[in-house]
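Colleague: Input: one structure, supplied below.
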Amino acid sequence: MPRQDGKVAIVTGGGRGIGYEVVRHLARLGTHVIIGGRDEQEGLAAVRRICEEHKEAKVEFRKLDLASLQSVRQFTKSFKERDLPLNILINNAGVMLLPEGRTDDGFELHFGVNYLGHFLLTWLLLDTLKDSGKCGDNSSVVSVSSSAHGIGEIRLNDLNCRQHYSAHAAYCNSKLAQLLFSSHLHQELQLGGFPVISCAVDPGMVDTALYHHLWTPLRMAQSLIARLLFRTPAEGAATVLSAALSPALNGDCGGGYWANGRREMTTPPSFNPQLQRGLWEVSIQLLGLQ
């Protein structure tokens, strides 16, 4: 990967797992990285470890709770007050298989954290991303999705899964929503001629704490299987980093859905323009945006 000296990145959920490895490698390349996370102790510990490993690393932690729209707004406000550029935004944080619950603002947790919180974060940072990119060296928004999007379903009249709740379905739906958002955002940016690309990535089956909420016997089995078959967080981070940093993804080659280091086709709903537009407009309404 090319050096990234002078560039600034925000990585949500960068205190552990894939996000931590992304932050670690970005810092090695000279990027000033801001970890946005809910757990301050975990985030500060990640900063210490990276700075011990790379003495010249520019890494910091800032509080960001994606289950609270107020927290997202405060995070972006504080960032903008510093007048820093923003070259890379990695929408990585996520939850999986949670019992039914609601965010501070009343949204279903998977939809609120994995999708809607990141939608608002990206929206509020778009102007900075546009100002920081330039021709041949675009800014980038990378949304960490999952192959689970393939069995997701978006019901615009029931985004909060009130009719019937399934933790697995809620997770898959949120990952499809991320992909729809990423694709539509890229189209909007290209139509406007802005030097920003948006893409979604599938890091593969990675051994991380996301599986914490599995039923206990399944979690024990998963732990054993993961050691043999799952990717490590560092391996999972490779596709994320490639999408964010590869010069080959600038210009017309940007956007899309990436897995195993290459662009891949997705399920028909993910590139349905009516569904993309519908979800985009409903999201704007839910967030009170113009």
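Here's how to read the names in the structure tokens: chain A, B, ... by the order shown, residue numbers from 1 in each chain, ligand numbers from 1 in the order shown.
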Give me the residues within 10 Å of Pro85 in chain A as a ChimeraX atom specification, counting only C-alpha atoms and dropping any in the same chain fewer than 4 places off.

Modeller: /A:6-9,79-80,128-133,139

Colleague: Could you pull out the residues in range 51-114 of chain A that DSSP calls strand (DSSP E or B) from the backbone, as a list in words?

Modeller: Lys58, Val59, Glu60, Phe61, Arg62, Lys63, Ile88, Leu89, Ile90, Asn91, Arg102 and Glu108 of chain A

Colleague: Between A:Leu109, A:Leu279, A:Ile34, A:Gln4, which residue has the minimum interatomic distance to Ser78 in chain A, considering only C-alpha atoms?

Modeller: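 For Ser78 in chain A, the nearest of the candidates is A:Ile34.
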
Colleague: Which distance in Å separates CA of Asp158 in chain A and CA of His110 in chain A, to one decimal?

Modeller: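 Interatomic distance here is 13.3 Å.
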
Colleague: Can you tell me which residues surround range 18-21 of chain A at a distance of at most 8 Å, considering only C-alpha atoms, apart from same-chain residues fewer than 3 positions away, and format the answer as number ranges by chain?

Modeller: A: 11-15, 24-25, 46, 92-93, 208, 233-234, 236-237

Colleague: Given only C-alpha atoms as the basis, pick out the residue of A:Thr239, A:Ser246, A:Asn114, A:Gln290 nearest to Lys175 in chain A.

Modeller: A:Asn114

Colleague: How many Å lie between CA of Pro203 in chain A and CA of Ala259 in chain A, rounded to one decimal?

Modeller: 6.4 Å

Colleague: If we count only C-alpha atoms and set the cut-off at 7 Å, which residues sit around Cys199 in chain A, ignoring sequence neighbours fewer than 3 positions away in its own chain? Please answer as a ChimeraX atom specification.

Modeller: /A:141-143,182-183,255-257

Colleague: Using only C-alpha atoms, pick whichever of A:Gly288, A:Gly17, A:Pro269, A:Pro2 has the shortest atom-to-atom distance to Glu153 in chain A.

Modeller: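 Selected residue with least distance to Glu153 in chain A: A:Pro269.
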
Colleague: Check the smallest atom-to-atom distance from each of A:Val22, A:Arg16, A:Leu159, A:Gly30 to Glu235 in chain A using only C-alpha atoms, then report the winner.

Modeller: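 Going through A:Val22, A:Arg16, A:Leu159, A:Gly30 one by one, the smallest distance to Glu235 in chain A is for A:Val22.
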